Amino acid sequence: MRLYTTLLLGLLTGCATSASSSKTEAPAEGDAAAQPASTPEPKADIEALSKRELAPLTRQQVSAPDGSFTAEVEAAAAPTFQEQQGVLVLSVPLGTRSPMTCFVYSEPLDAGGAIYRLMEMAGQRTDIQRARTTEVRLIGDSPAVYAEALYLADTPRGKAAGLAKMMVHTHDQVPLVCTHDEMGYSESFLRISSGLAGSIKSAAEKPQAPRYSEFSVIRVQGHPVGFEKRVTRDASGGAKLTEVEMSLFFPRSQKEMVVQDTVSTELSDKDGRLVARDYARATNGELDIQMSLEQVKGREYHYEGKHSGKDLNGNFTSPDELLSELGSARVVREQLLSGKKKELTIQIYSPSANPAAPIPQVLRKEAGARELTAEMASLKVSLTVDAQGLAEKVTMPVGSMQMVQERVSVSGTP
């Protein structure tokens, strides 16, 4: 089960959710997506083969056998469906040696866990030389992450190279994983898989649109390494429910990535004070943090959950009002952007930093009209905020480099 599903149900019922040991679904080890091409490309032709691309192909209509969705996709011949281990598999002929294979799931996916599992399975059969994300974008209302693994495989003629390309689209109703295992065609795969994902029409009723949504891409040295999707919905009595989905892909080495999926749901009152928060984080597909926070009365809160394998349960009293993200934005807007103050300290709850107590965050107005710095413990980040006080751009140090999270899409009013 996707982290988000568990958390949202827990918050709306007012109960702490139990930790789940289930991993993100991905193709089983016997599936085509997990296997290298049967005859990887000869070493002598690698440079030329890696530059191959496809001209636009004829768009073909596809319809799920059970009628659950329709779509269209570029293809050299009619795409076909089959079912493998309860997963619907779409094979798309491209006119090359290998088809594009797409897996359609009945349960939501975490992007990081899915990419990690695909890389893990590819590494079981090959010697991966380079593993990396190549693109992060929003398709429709859902994030899509693209990655590739350049590998060497043993053949009767010796070592030969292959390139496994992957896409995970975390569509709420039709989650999709596509792969293509053949040297070259990187831009073609991106174009064709994106077109497929963007054309999907689910037969299920479309969920109500949130009052506000934003999507940010995270980069290190200009290279995409993750995303954050944030939506806000109305709740009773003027309260607001904010849901945040984030996936990060940190390069551990040229051959390996560490991935994290984080989901947070936050309920705030009409003034932006924190009423409840659920938070879960999975690293390499394994749940390592799951915390629930609920307001008892005033500034007193109860926390419960698991953190790094330890059960936690207790209460704390915040030294000042504990603010939600929307509450923090309101204070920034009213105090810093207005010029009333140049510095202020707010209390926030960050389960990854301290699951059992609030953390003070110092915010300072800088020279630019909407430029701030934020300090929390030893971490110092630079912020550019919008007129509402919400972050448009966040820059933070990662070792000797900088990680930049920048908003690329926004709709509605927070």
# chains A, B, ... in the order shown; residues from 1 in each chain; ligands from 1
$ select_by_dssp --residues "segment 102-285 of chain A" --states "alpha helix (DSSP H)" --output "list in words"
Ala111, Gly112, Gly113, Ala114, Ile115, Tyr116, Arg117, Leu118, Met119, Glu120, Met121, Ala122, Gly123, Gln124, Arg125, Ser186, Glu187, Ser188, Phe189, Leu190, Arg191, Ile192, Ser193, Ser194, Gly195, Leu196, Ala197, Gly198 and Ser199 of chain A
$ write_last_selection --atoms "C-alpha atoms" --output "mmCIF file, in the first residue's frame"
data_model
loop_
_atom_site.group_PDB
_atom_site.id
_atom_site.type_symbol
_atom_site.label_atom_id
_atom_site.label_comp_id
_atom_site.auth_asym_id
_atom_site.auth_seq_id
_atom_site.Cartn_x
_atom_site.Cartn_y
_atom_site.Cartn_z
ATOM 1 C CA ALA A 111 7.746 6.739 -7.063
ATOM 2 C CA GLY A 112 10.969 6.175 -5.129
ATOM 3 C CA GLY A 113 10.136 2.654 -4.011
ATOM 4 C CA ALA A 114 9.120 1.658 -7.539
ATOM 5 C CA ILE A 115 12.314 3.022 -9.143
ATOM 6 C CA TYR A 116 14.456 1.427 -6.411
ATOM 7 C CA ARG A 117 12.843 -1.974 -6.976
ATOM 8 C CA LEU A 118 13.343 -1.762 -10.740
ATOM 9 C CA MET A 119 17.017 -0.869 -10.275
ATOM 10 C CA GLU A 120 17.426 -3.635 -7.717
ATOM 11 C CA MET A 121 16.015 -6.252 -10.079
ATOM 12 C CA ALA A 122 18.131 -5.012 -12.986
ATOM 13 C CA GLY A 123 21.230 -5.300 -10.788
ATOM 14 C CA GLN A 124 20.447 -8.925 -9.949
ATOM 15 C CA ARG A 125 20.942 -9.913 -13.601
ATOM 16 C CA SER A 186 16.092 7.812 -24.562
ATOM 17 C CA GLU A 187 14.234 10.866 -25.879
ATOM 18 C CA SER A 188 11.823 8.635 -27.785
ATOM 19 C CA PHE A 189 10.996 6.674 -24.629
ATOM 20 C CA LEU A 190 10.401 9.887 -22.708
ATOM 21 C CA ARG A 191 8.106 11.213 -25.446
ATOM 22 C CA ILE A 192 6.144 8.002 -25.952
ATOM 23 C CA SER A 193 5.702 7.076 -22.286
ATOM 24 C CA SER A 194 4.751 10.670 -21.403
ATOM 25 C CA GLY A 195 2.183 10.707 -24.181
ATOM 26 C CA LEU A 196 0.675 7.473 -22.912
ATOM 27 C CA ALA A 197 0.534 8.687 -19.302
ATOM 28 C CA GLY A 198 -0.970 12.026 -20.291
ATOM 29 C CA SER A 199 -3.703 10.447 -22.408
#
$ residues_around --residues "Gln290 of chain A" --least-positions-apart "2" --cutoff "6 Å" --atoms "only C-alpha atoms" --output "list of chain:residue names"
A:Tyr279, A:Ala280, A:Gly305, A:Lys306
$ write_last_selection --atoms "C-alpha atoms" --output "PDB file, in the first residue's frame"
ATOM      1  CA  TYR A 279       4.050  11.600   8.685  1.00  0.00           C
ATOM      2  CA  ALA A 280       5.651   8.554   7.082  1.00  0.00           C
ATOM      3  CA  GLY A 305       4.396   5.944  16.261  1.00  0.00           C
ATOM      4  CA  LYS A 306       7.687   4.383  15.204  1.00  0.00           C
TER       5      LYS A 306
END
$ select_by_dssp --residues "segment 176-373 of chain A" --states "strand (DSSP E)" --output "number ranges by chain"
A: 176-181, 201-202, 212-220, 223-234, 240-253, 256-268, 274-283, 286-297, 300-307, 310-317, 343-348, 359-365, 371-373
$ residues_around --residues "Gly314 of chain A" --least-positions-apart "5" --cutoff "12 Å" --atoms "only C-alpha atoms" --output "PyMOL selection string"
chain A and resi 291-294+296+300-306+355-357
$ residues_around --residues "Ser308 of chain A" --least-positions-apart "5" --cutoff "12 Å" --atoms "only C-alpha atoms" --output "list in words"
Ala19, Ala280, Arg281, Ala282, Thr283, Glu286, Leu287, Asp288, Ile289, Gln290, Met291, Pro351, Ser352, Ala353, Asn354 and Pro355 of chain A
$ write_last_selection --atoms "C-alpha atoms" --output "short mmCIF file (atom, residue, chain, number, x, y, z; two decimals), in the first residue's frame"
data_model
loop_
_atom_site.label_atom_id
_atom_site.label_comp_id
_atom_site.auth_asym_id
_atom_site.auth_seq_id
_atom_site.Cartn_x
_atom_site.Cartn_y
_atom_site.Cartn_z
CA ALA A 19 3.51 0.62 10.43
CA ALA A 280 5.65 8.55 7.08
CA ARG A 281 8.98 8.02 5.35
CA ALA A 282 10.30 4.99 3.51
CA THR A 283 13.98 4.61 2.58
CA GLU A 286 11.33 0.17 3.71
CA LEU A 287 9.27 2.20 6.20
CA ASP A 288 11.60 3.81 8.75
CA ILE A 289 9.45 6.62 10.22
CA GLN A 290 5.72 6.69 10.90
CA MET A 291 4.50 9.27 13.41
CA PRO A 351 9.26 14.08 12.88
CA SER A 352 12.41 13.33 10.88
CA ALA A 353 14.42 15.80 13.01
CA ASN A 354 12.72 15.24 16.39
CA PRO A 355 9.61 13.04 16.70
#
$ residues_around --residues "segment 330-340 of chain A" --least-positions-apart "5" --cutoff "8 Å" --atoms "only C-alpha atoms" --output "list in words"
Gly272, Arg364, Lys365, Ala369, Arg370, Ala387, Gln388 and Gly389 of chain A
$ write_last_selection --atoms "N, CA and C atoms" --output "mmCIF file, in the first residue's frame"
data_model
loop_
_atom_site.group_PDB
_atom_site.id
_atom_site.type_symbol
_atom_site.label_atom_id
_atom_site.label_comp_id
_atom_site.auth_asym_id
_atom_site.auth_seq_id
_atom_site.Cartn_x
_atom_site.Cartn_y
_atom_site.Cartn_z
ATOM 1 N N GLY A 272 -4.227 28.690 11.186
ATOM 2 C CA GLY A 272 -2.969 28.058 10.808
ATOM 3 C C GLY A 272 -2.260 27.324 11.921
ATOM 4 N N ARG A 364 14.589 34.910 8.959
ATOM 5 C CA ARG A 364 15.137 36.264 8.831
ATOM 6 C C ARG A 364 14.834 36.825 7.441
ATOM 7 N N LYS A 365 14.451 38.087 7.413
ATOM 8 C CA LYS A 365 14.223 38.793 6.154
ATOM 9 C C LYS A 365 15.567 39.247 5.605
ATOM 10 N N ALA A 369 13.054 41.518 -1.822
ATOM 11 C CA ALA A 369 11.692 41.771 -1.365
ATOM 12 C C ALA A 369 11.060 40.542 -0.720
ATOM 13 N N ARG A 370 11.359 39.352 -1.249
ATOM 14 C CA ARG A 370 10.768 38.121 -0.710
ATOM 15 C C ARG A 370 11.838 37.072 -0.430
ATOM 16 N N ALA A 387 3.748 35.992 -2.566
ATOM 17 C CA ALA A 387 3.038 37.023 -1.816
ATOM 18 C C ALA A 387 2.248 36.443 -0.641
ATOM 19 N N GLN A 388 1.951 35.135 -0.684
ATOM 20 C CA GLN A 388 1.236 34.484 0.416
ATOM 21 C C GLN A 388 2.169 34.022 1.528
ATOM 22 N N GLY A 389 3.478 34.110 1.292
ATOM 23 C CA GLY A 389 4.443 33.624 2.271
ATOM 24 C C GLY A 389 4.839 32.182 2.075
#
$ closest_residue --among "A:Ser268, A:Gln82, A:Ser91, A:Thr133" --to "Glu243 of chain A" --atoms "only C-alpha atoms"
A:Ser268
$ atom_distance --atom1 "atom CA of Asp311 of chain A" --atom2 "atom CA of Val275 of chain A"
22.1 Å
$ residues_around --residues "Ile128 of chain A" --least-positions-apart "3" --cutoff "8 Å" --atoms "only C-alpha atoms" --output "list in words"
Ala122, Gly123, Ala131, Ala149, Leu150, Tyr151, Leu152 and Lys255 of chain A
$ write_last_selection --atoms "C-alpha atoms" --output "PDB file, in the first residue's frame"
ATOM      1  CA  ALA A 122      18.131  -5.012 -12.986  1.00  0.00           C
ATOM      2  CA  GLY A 123      21.230  -5.300 -10.788  1.00  0.00           C
ATOM      3  CA  ALA A 131      22.065   4.476 -12.416  1.00  0.00           C
ATOM      4  CA  ALA A 149      20.393   2.039 -15.841  1.00  0.00           C
ATOM      5  CA  LEU A 150      23.363   1.521 -18.170  1.00  0.00           C
ATOM      6  CA  TYR A 151      24.586  -2.033 -17.644  1.00  0.00           C
ATOM      7  CA  LEU A 152      26.931  -4.773 -18.825  1.00  0.00           C
ATOM      8  CA  LYS A 255      26.063   2.858  -9.867  1.00  0.00           C
TER       9      LYS A 255
END
$ atom_distance --atom1 "atom CA of Met257 of chain A" --atom2 "atom CA of Ser216 of chain A"
20.5 Å
$ atom_distance --atom1 "atom CA of Ala64 of chain A" --atom2 "atom CA of Phe81 of chain A"
7.6 Å
$ closest_residue --among "A:Val87, A:Cys178, A:Ala276, A:Ala367" --to "Leu322 of chain A" --atoms "only C-alpha atoms"
A:Ala276
